[in-house]
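Text of the file data.cif, holding mmCIF, C-alpha atoms, pLDDT in the B column; chains and numbers go by the auth columns:
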```cif
data_my_file
loop_
_atom_site.group_PDB
_atom_site.id
_atom_site.type_symbol
_atom_site.label_atom_id
_atom_site.label_comp_id
_atom_site.label_asym_id
_atom_site.label_seq_id
_atom_site.Cartn_x
_atom_site.Cartn_y
_atom_site.Cartn_z
_atom_site.B_iso_or_equiv
_atom_site.auth_seq_id
_atom_site.auth_asym_id
ATOM 1 C CA MET A 1 27.245 -0.705 -22.305 80.00 4 S
ATOM 2 C CA THR A 2 23.641 0.111 -23.173 94.00 5 S
ATOM 3 C CA TYR A 3 20.897 -1.035 -20.808 97.00 6 S
ATOM 4 C CA SER A 4 17.578 -2.373 -22.086 98.00 7 S
ATOM 5 C CA LEU A 5 14.436 -1.668 -20.086 98.00 8 S
ATOM 6 C CA TYR A 6 11.049 -3.320 -20.479 98.00 9 S
ATOM 7 C CA TYR A 7 8.850 -0.274 -20.266 98.00 10 S
ATOM 8 C CA ALA A 8 5.304 1.094 -20.212 96.00 11 S
ATOM 9 C CA GLU A 9 3.846 4.455 -19.323 95.00 12 S
ATOM 10 C CA ASN A 10 2.275 4.676 -15.854 94.00 13 S
ATOM 11 C CA SER A 11 4.327 1.746 -14.596 95.00 14 S
ATOM 12 C CA ALA A 12 7.212 1.432 -12.148 96.00 15 S
ATOM 13 C CA ALA A 13 9.515 1.309 -15.161 97.00 16 S
ATOM 14 C CA MET A 14 9.182 5.092 -15.333 98.00 17 S
ATOM 15 C CA GLY A 15 11.021 5.409 -12.020 98.00 18 S
ATOM 16 C CA VAL A 16 13.861 3.216 -13.291 98.00 19 S
ATOM 17 C CA ARG A 17 14.060 5.285 -16.458 98.00 20 S
ATOM 18 C CA VAL A 18 14.423 8.441 -14.360 98.00 21 S
ATOM 19 C CA VAL A 19 17.276 6.785 -12.468 98.00 22 S
ATOM 20 C CA LEU A 20 18.986 5.910 -15.759 98.00 23 S
ATOM 21 C CA GLU A 21 18.605 9.513 -16.887 98.00 24 S
ATOM 22 C CA GLU A 22 20.046 10.802 -13.612 98.00 25 S
ATOM 23 C CA LEU A 23 22.972 8.396 -13.997 98.00 26 S
ATOM 24 C CA GLN A 24 23.425 9.554 -17.611 97.00 27 S
ATOM 25 C CA GLN A 25 23.558 5.962 -18.804 97.00 28 S
ATOM 26 C CA PRO A 26 22.585 4.905 -22.338 97.00 29 S
ATOM 27 C CA TYR A 27 19.501 2.735 -22.566 98.00 30 S
ATOM 28 C CA LYS A 28 16.847 1.534 -24.962 98.00 31 S
ATOM 29 C CA LEU A 29 13.207 0.934 -24.150 98.00 32 S
ATOM 30 C CA ILE A 30 11.357 -2.272 -24.957 97.00 33 S
ATOM 31 C CA ALA A 31 7.655 -1.460 -25.130 96.00 34 S
ATOM 32 C CA GLU A 32 5.411 -3.721 -23.075 95.00 35 S
ATOM 33 C CA SER A 33 1.707 -3.445 -22.267 90.00 36 S
ATOM 34 C CA ILE A 34 0.470 -3.386 -18.679 89.00 37 S
ATOM 35 C CA ASP A 35 -3.155 -3.775 -19.758 86.00 38 S
ATOM 36 C CA MET A 36 -4.521 -6.723 -17.788 79.00 39 S
ATOM 37 C CA ASP A 37 -6.471 -7.896 -20.834 80.00 40 S
ATOM 38 C CA THR A 38 -3.342 -8.018 -23.010 88.00 41 S
ATOM 39 C CA PRO A 39 -1.160 -11.139 -22.849 89.00 42 S
ATOM 40 C CA ARG A 40 2.426 -10.533 -21.820 91.00 43 S
ATOM 41 C CA SER A 41 5.078 -11.162 -24.425 93.00 44 S
ATOM 42 C CA PRO A 42 6.886 -14.518 -24.265 94.00 45 S
ATOM 43 C CA ASP A 43 10.218 -12.668 -24.005 94.00 46 S
ATOM 44 C CA LEU A 44 9.072 -10.815 -20.891 95.00 47 S
ATOM 45 C CA LEU A 45 7.655 -13.941 -19.260 95.00 48 S
ATOM 46 C CA GLU A 46 10.916 -15.751 -19.852 96.00 49 S
ATOM 47 C CA LEU A 47 12.756 -13.010 -17.951 96.00 50 S
ATOM 48 C CA ASN A 48 10.108 -12.454 -15.278 96.00 51 S
ATOM 49 C CA PRO A 49 7.477 -15.201 -14.964 95.00 52 S
ATOM 50 C CA ASN A 50 5.332 -12.819 -12.915 92.00 53 S
ATOM 51 C CA GLY A 51 4.786 -10.741 -16.047 92.00 54 S
ATOM 52 C CA TRP A 52 5.580 -7.500 -14.249 93.00 55 S
ATOM 53 C CA ILE A 53 7.775 -4.643 -15.378 96.00 56 S
ATOM 54 C CA PRO A 54 10.283 -3.116 -15.062 97.00 57 S
ATOM 55 C CA VAL A 55 12.843 -5.644 -16.187 98.00 58 S
ATOM 56 C CA LEU A 56 16.358 -4.345 -16.771 98.00 59 S
ATOM 57 C CA ILE A 57 18.715 -6.204 -19.070 97.00 60 S
ATOM 58 C CA THR A 58 22.407 -5.645 -18.540 94.00 61 S
ATOM 59 C CA GLY A 59 24.738 -7.840 -20.544 91.00 62 S
ATOM 60 C CA ASP A 60 23.549 -11.419 -20.063 91.00 63 S
ATOM 61 C CA THR A 61 21.677 -10.601 -16.851 94.00 64 S
ATOM 62 C CA ALA A 62 18.025 -9.641 -16.365 97.00 65 S
ATOM 63 C CA ILE A 63 16.829 -8.023 -13.132 97.00 66 S
ATOM 64 C CA TYR A 64 13.271 -7.360 -12.060 97.00 67 S
ATOM 65 C CA GLU A 65 11.664 -5.556 -9.080 96.00 68 S
ATOM 66 C CA CYS A 66 11.927 -1.781 -9.140 96.00 69 S
ATOM 67 C CA GLY A 67 13.649 -1.484 -5.758 96.00 70 S
ATOM 68 C CA ALA A 68 16.263 -4.075 -6.665 97.00 71 S
ATOM 69 C CA ILE A 69 16.976 -2.451 -10.026 98.00 72 S
ATOM 70 C CA THR A 70 17.268 0.969 -8.400 98.00 73 S
ATOM 71 C CA THR A 71 19.728 -0.276 -5.794 97.00 74 S
ATOM 72 C CA TYR A 72 21.745 -2.177 -8.401 97.00 75 S
ATOM 73 C CA LEU A 73 22.090 0.835 -10.693 98.00 76 S
ATOM 74 C CA CYS A 74 22.942 3.256 -7.895 98.00 77 S
ATOM 75 C CA ASP A 75 25.610 0.923 -6.510 97.00 78 S
ATOM 76 C CA LEU A 76 27.083 0.313 -9.953 96.00 79 S
ATOM 77 C CA HIS A 77 27.302 4.016 -10.790 97.00 80 S
ATOM 78 C CA THR A 78 28.349 5.504 -7.474 96.00 81 S
ATOM 79 C CA GLU A 79 29.770 8.629 -9.097 96.00 82 S
ATOM 80 C CA ALA A 80 26.245 10.054 -9.398 96.00 83 S
ATOM 81 C CA GLY A 81 25.679 9.915 -5.640 97.00 84 S
ATOM 82 C CA LEU A 82 22.093 8.669 -5.893 98.00 85 S
ATOM 83 C CA ALA A 83 22.552 6.277 -2.969 98.00 86 S
ATOM 84 C CA PRO A 84 24.698 6.202 0.173 98.00 87 S
ATOM 85 C CA GLY A 85 27.586 3.742 0.021 96.00 88 S
ATOM 86 C CA ARG A 86 27.767 0.600 2.159 93.00 89 S
ATOM 87 C CA ASP A 87 29.817 2.337 4.860 95.00 90 S
ATOM 88 C CA ASP A 88 27.661 5.465 4.905 97.00 91 S
ATOM 89 C CA PRO A 89 25.463 5.783 8.047 96.00 92 S
ATOM 90 C CA ALA A 90 22.581 6.848 5.783 97.00 93 S
ATOM 91 C CA ARG A 91 22.687 3.532 3.888 98.00 94 S
ATOM 92 C CA GLY A 92 20.255 1.806 6.215 97.00 95 S
ATOM 93 C CA ARG A 93 17.682 4.571 5.971 98.00 96 S
ATOM 94 C CA PHE A 94 17.982 4.595 2.190 98.00 97 S
ATOM 95 C CA LEU A 95 17.327 0.859 1.974 98.00 98 S
ATOM 96 C CA GLN A 96 14.540 1.138 4.534 98.00 99 S
ATOM 97 C CA TRP A 97 12.581 3.546 2.354 98.00 100 S
ATOM 98 C CA LEU A 98 13.204 1.655 -0.870 97.00 101 S
ATOM 99 C CA PHE A 99 11.881 -1.530 0.744 97.00 102 S
ATOM 100 C CA PHE A 100 8.967 0.344 2.331 98.00 103 S
ATOM 101 C CA PHE A 101 7.987 1.878 -1.000 98.00 104 S
ATOM 102 C CA SER A 102 8.409 -1.338 -2.989 96.00 105 S
ATOM 103 C CA SER A 103 6.577 -3.565 -0.521 94.00 106 S
ATOM 104 C CA SER A 104 4.135 -1.734 1.726 96.00 107 S
ATOM 105 C CA LEU A 105 3.108 1.171 -0.506 96.00 108 S
ATOM 106 C CA GLN A 106 3.134 -0.663 -3.819 95.00 109 S
ATOM 107 C CA ASN A 107 1.139 -3.478 -2.239 94.00 110 S
ATOM 108 C CA ALA A 108 -1.514 -0.994 -1.118 94.00 111 S
ATOM 109 C CA PHE A 109 -1.720 0.376 -4.661 94.00 112 S
ATOM 110 C CA GLN A 110 -2.117 -3.144 -6.022 93.00 113 S
ATOM 111 C CA MET A 111 -5.105 -3.614 -3.731 90.00 114 S
ATOM 112 C CA SER A 112 -6.776 -0.763 -5.628 92.00 115 S
ATOM 113 C CA TYR A 113 -5.731 -1.560 -9.164 89.00 116 S
ATOM 114 C CA TYR A 114 -5.767 -5.359 -8.927 85.00 117 S
ATOM 115 C CA SER A 115 -8.266 -6.032 -6.157 88.00 118 S
ATOM 116 C CA ASP A 116 -9.192 -9.411 -7.636 85.00 119 S
ATOM 117 C CA ARG A 117 -5.770 -10.717 -6.592 82.00 120 S
ATOM 118 C CA PHE A 118 -6.546 -10.134 -2.918 86.00 121 S
ATOM 119 C CA CYS A 119 -9.803 -12.038 -2.623 84.00 122 S
ATOM 120 C CA ASP A 120 -11.449 -15.152 -3.988 82.00 123 S
ATOM 121 C CA SER A 121 -14.841 -13.663 -4.755 83.00 124 S
ATOM 122 C CA VAL A 122 -16.039 -10.724 -6.832 85.00 125 S
ATOM 123 C CA ASP A 123 -18.331 -9.884 -3.906 79.00 126 S
ATOM 124 C CA HIS A 124 -15.293 -8.990 -1.788 87.00 127 S
ATOM 125 C CA GLN A 125 -13.469 -6.730 -4.248 88.00 128 S
ATOM 126 C CA ALA A 126 -15.230 -3.571 -3.067 87.00 129 S
ATOM 127 C CA SER A 127 -14.088 -4.272 0.488 91.00 130 S
ATOM 128 C CA VAL A 128 -10.485 -4.752 -0.688 91.00 131 S
ATOM 129 C CA LYS A 129 -10.601 -1.474 -2.584 89.00 132 S
ATOM 130 C CA ARG A 130 -11.959 0.376 0.434 92.00 133 S
ATOM 131 C CA ARG A 131 -9.198 -1.034 2.585 94.00 134 S
ATOM 132 C CA SER A 132 -6.617 -0.004 -0.010 91.00 135 S
ATOM 133 C CA VAL A 133 -7.716 3.615 0.341 94.00 136 S
ATOM 134 C CA SER A 134 -7.396 3.634 4.117 96.00 137 S
ATOM 135 C CA ARG A 135 -4.112 1.734 3.891 96.00 138 S
ATOM 136 C CA LEU A 136 -2.665 4.249 1.433 97.00 139 S
ATOM 137 C CA ARG A 137 -3.649 7.095 3.723 97.00 140 S
ATOM 138 C CA GLU A 138 -1.999 5.358 6.696 97.00 141 S
ATOM 139 C CA LEU A 139 1.224 4.630 4.825 98.00 142 S
ATOM 140 C CA TRP A 140 1.600 8.049 3.244 98.00 143 S
ATOM 141 C CA GLN A 141 1.116 9.552 6.694 98.00 144 S
ATOM 142 C CA VAL A 142 4.015 7.422 7.942 98.00 145 S
ATOM 143 C CA VAL A 143 6.194 8.856 5.170 98.00 146 S
ATOM 144 C CA ASP A 144 4.987 12.404 5.778 98.00 147 S
ATOM 145 C CA ASP A 145 5.729 12.198 9.500 98.00 148 S
ATOM 146 C CA ALA A 146 9.167 10.737 8.864 98.00 149 S
ATOM 147 C CA VAL A 147 10.122 13.503 6.430 98.00 150 S
ATOM 148 C CA GLY A 148 9.168 16.261 8.842 98.00 151 S
ATOM 149 C CA ASP A 149 10.986 19.465 7.956 97.00 152 S
ATOM 150 C CA ASP A 150 13.704 17.719 5.934 97.00 153 S
ATOM 151 C CA ASP A 151 14.286 18.618 2.298 97.00 154 S
ATOM 152 C CA TRP A 152 14.546 15.009 1.140 98.00 155 S
ATOM 153 C CA MET A 153 13.959 11.465 2.338 98.00 156 S
ATOM 154 C CA LEU A 154 17.559 11.369 3.553 98.00 157 S
ATOM 155 C CA GLY A 155 17.549 14.777 5.176 97.00 158 S
ATOM 156 C CA ASN A 156 19.471 17.314 3.134 96.00 159 S
ATOM 157 C CA ARG A 157 20.661 14.951 0.373 97.00 160 S
ATOM 158 C CA PHE A 158 18.757 14.011 -2.743 98.00 161 S
ATOM 159 C CA SER A 159 18.676 10.291 -3.550 98.00 162 S
ATOM 160 C CA ALA A 160 16.905 7.680 -5.613 98.00 163 S
ATOM 161 C CA ALA A 161 14.476 7.282 -2.710 98.00 164 S
ATOM 162 C CA ASP A 162 13.040 10.682 -3.628 98.00 165 S
ATOM 163 C CA ILE A 163 12.576 9.543 -7.224 98.00 166 S
ATOM 164 C CA TYR A 164 10.698 6.502 -5.939 98.00 167 S
ATOM 165 C CA LEU A 165 8.508 8.711 -3.753 98.00 168 S
ATOM 166 C CA PHE A 166 7.636 10.941 -6.690 98.00 169 S
ATOM 167 C CA MET A 167 6.784 7.977 -8.902 98.00 170 S
ATOM 168 C CA LEU A 168 4.370 6.588 -6.320 98.00 171 S
ATOM 169 C CA THR A 169 2.608 9.942 -5.873 98.00 172 S
ATOM 170 C CA THR A 170 1.749 9.859 -9.580 98.00 173 S
ATOM 171 C CA TRP A 171 -0.208 6.644 -8.974 97.00 174 S
ATOM 172 C CA LEU A 172 -2.666 8.324 -6.614 97.00 175 S
ATOM 173 C CA SER A 173 -5.941 8.501 -8.515 96.00 176 S
ATOM 174 C CA PRO A 174 -9.240 10.239 -7.731 95.00 177 S
ATOM 175 C CA ASP A 175 -10.937 7.573 -9.846 94.00 178 S
ATOM 176 C CA HIS A 176 -10.085 5.111 -7.063 93.00 179 S
ATOM 177 C CA ASP A 177 -10.915 7.543 -4.233 95.00 180 S
ATOM 178 C CA HIS A 178 -7.259 7.692 -3.239 96.00 181 S
ATOM 179 C CA PRO A 179 -6.065 10.428 -0.903 97.00 182 S
ATOM 180 C CA GLU A 180 -4.552 13.445 -2.649 97.00 183 S
ATOM 181 C CA THR A 181 -0.855 14.190 -2.354 98.00 184 S
ATOM 182 C CA LYS A 182 -1.685 17.621 -0.928 97.00 185 S
ATOM 183 C CA GLU A 183 -3.008 15.900 2.208 97.00 186 S
ATOM 184 C CA PHE A 184 0.636 15.187 3.054 98.00 187 S
ATOM 185 C CA ALA A 185 2.458 18.492 2.962 98.00 188 S
ATOM 186 C CA ASN A 186 5.956 17.083 3.433 98.00 189 S
ATOM 187 C CA VAL A 187 5.476 14.441 0.751 98.00 190 S
ATOM 188 C CA GLN A 188 4.058 17.104 -1.554 98.00 191 S
ATOM 189 C CA ARG A 189 7.105 19.299 -0.987 98.00 192 S
ATOM 190 C CA ILE A 190 9.498 16.539 -2.021 98.00 193 S
ATOM 191 C CA ALA A 191 7.356 15.503 -4.993 98.00 194 S
ATOM 192 C CA ASP A 192 7.258 19.106 -6.203 98.00 195 S
ATOM 193 C CA ALA A 193 11.036 19.401 -5.916 98.00 196 S
ATOM 194 C CA VAL A 194 11.626 16.120 -7.774 98.00 197 S
ATOM 195 C CA SER A 195 9.221 17.172 -10.531 98.00 198 S
ATOM 196 C CA LYS A 196 11.533 20.079 -11.399 98.00 199 S
ATOM 197 C CA ARG A 197 14.470 17.841 -12.278 98.00 200 S
ATOM 198 C CA ALA A 198 15.277 17.559 -15.975 97.00 201 S
ATOM 199 C CA SER A 199 15.228 13.754 -15.838 98.00 202 S
ATOM 200 C CA VAL A 200 11.701 13.693 -14.438 98.00 203 S
ATOM 201 C CA ARG A 201 10.407 16.348 -16.798 98.00 204 S
ATOM 202 C CA LEU A 202 11.696 14.311 -19.730 97.00 205 S
ATOM 203 C CA VAL A 203 10.362 10.917 -18.626 98.00 206 S
ATOM 204 C CA TYR A 204 6.985 12.196 -17.436 97.00 207 S
ATOM 205 C CA GLY A 205 6.541 14.674 -20.275 94.00 208 S
ATOM 206 C CA LEU A 206 6.021 17.551 -17.874 91.00 209 S
ATOM 207 C CA ASP A 207 7.394 20.126 -20.291 81.00 210 S
ATOM 208 C CA ASP A 208 4.795 18.975 -22.820 72.00 211 S
ATOM 209 C CA GLN A 209 2.065 19.739 -20.297 64.00 212 S
ATOM 210 C CA SER A 210 3.218 23.274 -19.515 52.00 213 S
#
```

Mind converting the file's structure to structure tokens?
Amino acid sequence: MTYSLYYAENSAAMGVRVVLEELQQPYKLIAESIDMDTPRSPDLLELNPNGWIPVLITGDTAIYECGAITTYLCDLHTEAGLAPGRDDPARGRFLQWLFFFSSSLQNAFQMSYYSDRFCDSVDHQASVKRRSVSRLRELWQVVDDAVGDDDWMLGNRFSAADIYLFMLTTWLSPDHDHPETKEFANVQRIADAVSKRASVRLVYGLDDQS
């Protein structure tokens, strides 16, 4: 079976693509724009009326939401060990971080990049953006404190949660006055380690930048 992934650079679809690479699963990319001034394709809107990507197509089923897709793929391809199984004590912590990343942190990023969605007046957008910066700093500090001296989000075992963490660090932008990853030493350590993986170097074109 070959997966199909609605995809754009600088979107959450990049994290899903890394997961597919780690799982060594065949896939094809369906290019989609994330430019807010570009209408979404009718095919995408039929699968996800929100117009967001990623959307993963598997057989006759379409799944959206990055955290849900990540969990689905990891559970379907358990041989790769990217997620603890249902009976594993680490399962709860894994799901905790996926939900935290996909809700709390991604929401804070949306406040920066799509501030108009969080207020009903242009006059208030600057306030929303300022709050997004402080919120991002608060949330990344929560992650940094939780990691502590551990190698990965789940202690000494690499998982898809670390891929998600790396993806979100790439969204931090000085153009939006976001905090820098280096402010959070433990987060930076994990992001640096994830960036060395072949899957990440391929998807993010890191070898092309060296």

Would you write out, as JSON lines, a table of all residues in range 18-129 of chain S that have an atom no more than 12 Å from an atom of range 188-204 of chain S, listing for each the closest atom pair and the distance in Å to one decimal, considering only C-alpha atoms and ordering rows by chain and rising residue number?
```
{"residue": "S:Gly18", "atom": "CA", "partner": "S:Val203", "partner_atom": "CA", "distance": 8.7}
{"residue": "S:Val19", "atom": "CA", "partner": "S:Val203", "partner_atom": "CA", "distance": 10.8}
{"residue": "S:Arg20", "atom": "CA", "partner": "S:Ser202", "partner_atom": "CA", "distance": 8.6}
{"residue": "S:Val21", "atom": "CA", "partner": "S:Ser202", "partner_atom": "CA", "distance": 5.6}
{"residue": "S:Val22", "atom": "CA", "partner": "S:Ser202", "partner_atom": "CA", "distance": 8.0}
{"residue": "S:Leu23", "atom": "CA", "partner": "S:Ser202", "partner_atom": "CA", "distance": 8.7}
{"residue": "S:Glu24", "atom": "CA", "partner": "S:Ser202", "partner_atom": "CA", "distance": 5.5}
{"residue": "S:Glu25", "atom": "CA", "partner": "S:Ser202", "partner_atom": "CA", "distance": 6.1}
{"residue": "S:Leu26", "atom": "CA", "partner": "S:Ser202", "partner_atom": "CA", "distance": 9.6}
{"residue": "S:Gln27", "atom": "CA", "partner": "S:Ser202", "partner_atom": "CA", "distance": 9.4}
{"residue": "S:Gln28", "atom": "CA", "partner": "S:Ser202", "partner_atom": "CA", "distance": 11.8}
```

Among the residues S:Asp180, S:Asp147, S:Asp90, S:Asp153, the one that comes closest to Lys132 in chain S [using all atoms listed in the file]: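 Checking each of S:Asp180, S:Asp147, S:Asp90, S:Asp153 against Lys132 in chain S, counting all atoms listed in the file, the winner is S:Asp180.
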
Explicit residue set for the PyMOL selection byres ((chain S and resi 46-62) around 8), as a ChimeraX atom specification: /S:4-11,14-16,19,37,43-45,63-69,72

Write out as a PDB file with C-alpha atoms, in the frame of the given file which residues come within 7 Å of range 109-118 of chain S when counting all atoms listed in the file, dropping same-chain ones fewer than 4 positions away.
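So the final result, stored in part_25.pdb, reads:
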```pdb
ATOM      1  CA  PHE S 104       7.987   1.878  -1.000  1.00 98.00           C
ATOM      2  CA  SER S 105       8.409  -1.338  -2.989  1.00 96.00           C
ATOM      3  CA  GLN S 128     -13.469  -6.730  -4.248  1.00 88.00           C
ATOM      4  CA  VAL S 131     -10.485  -4.752  -0.688  1.00 91.00           C
ATOM      5  CA  LYS S 132     -10.601  -1.474  -2.584  1.00 89.00           C
ATOM      6  CA  SER S 135      -6.617  -0.004  -0.010  1.00 91.00           C
ATOM      7  CA  ARG S 138      -4.112   1.734   3.891  1.00 96.00           C
ATOM      8  CA  LEU S 139      -2.665   4.249   1.433  1.00 97.00           C
ATOM      9  CA  HIS S 179     -10.085   5.111  -7.063  1.00 93.00           C
TER      10      HIS S 179
END
```

Run the PyMOL selection byres ((chain S and resi 82-86) around 7) on the file and write out the hits as a ChimeraX atom specification. /S:26,77,80-81,87-88,162-163

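Between CA of Trp174 in chain S and CA of Phe102 in chain S lies a distance of 17.5 Å.
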
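Reported to one decimal place, the separation of CA of Met170 in chain S from CA of Pro29 in chain S is 21.0 Å.
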
So, counting only C-alpha atoms, which residue among S:Ser176, S:Val125, S:Arg120, S:Phe187 is closest to Val150 in chain S?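 Closest to Val150 in chain S of all the choices is S:Phe187.
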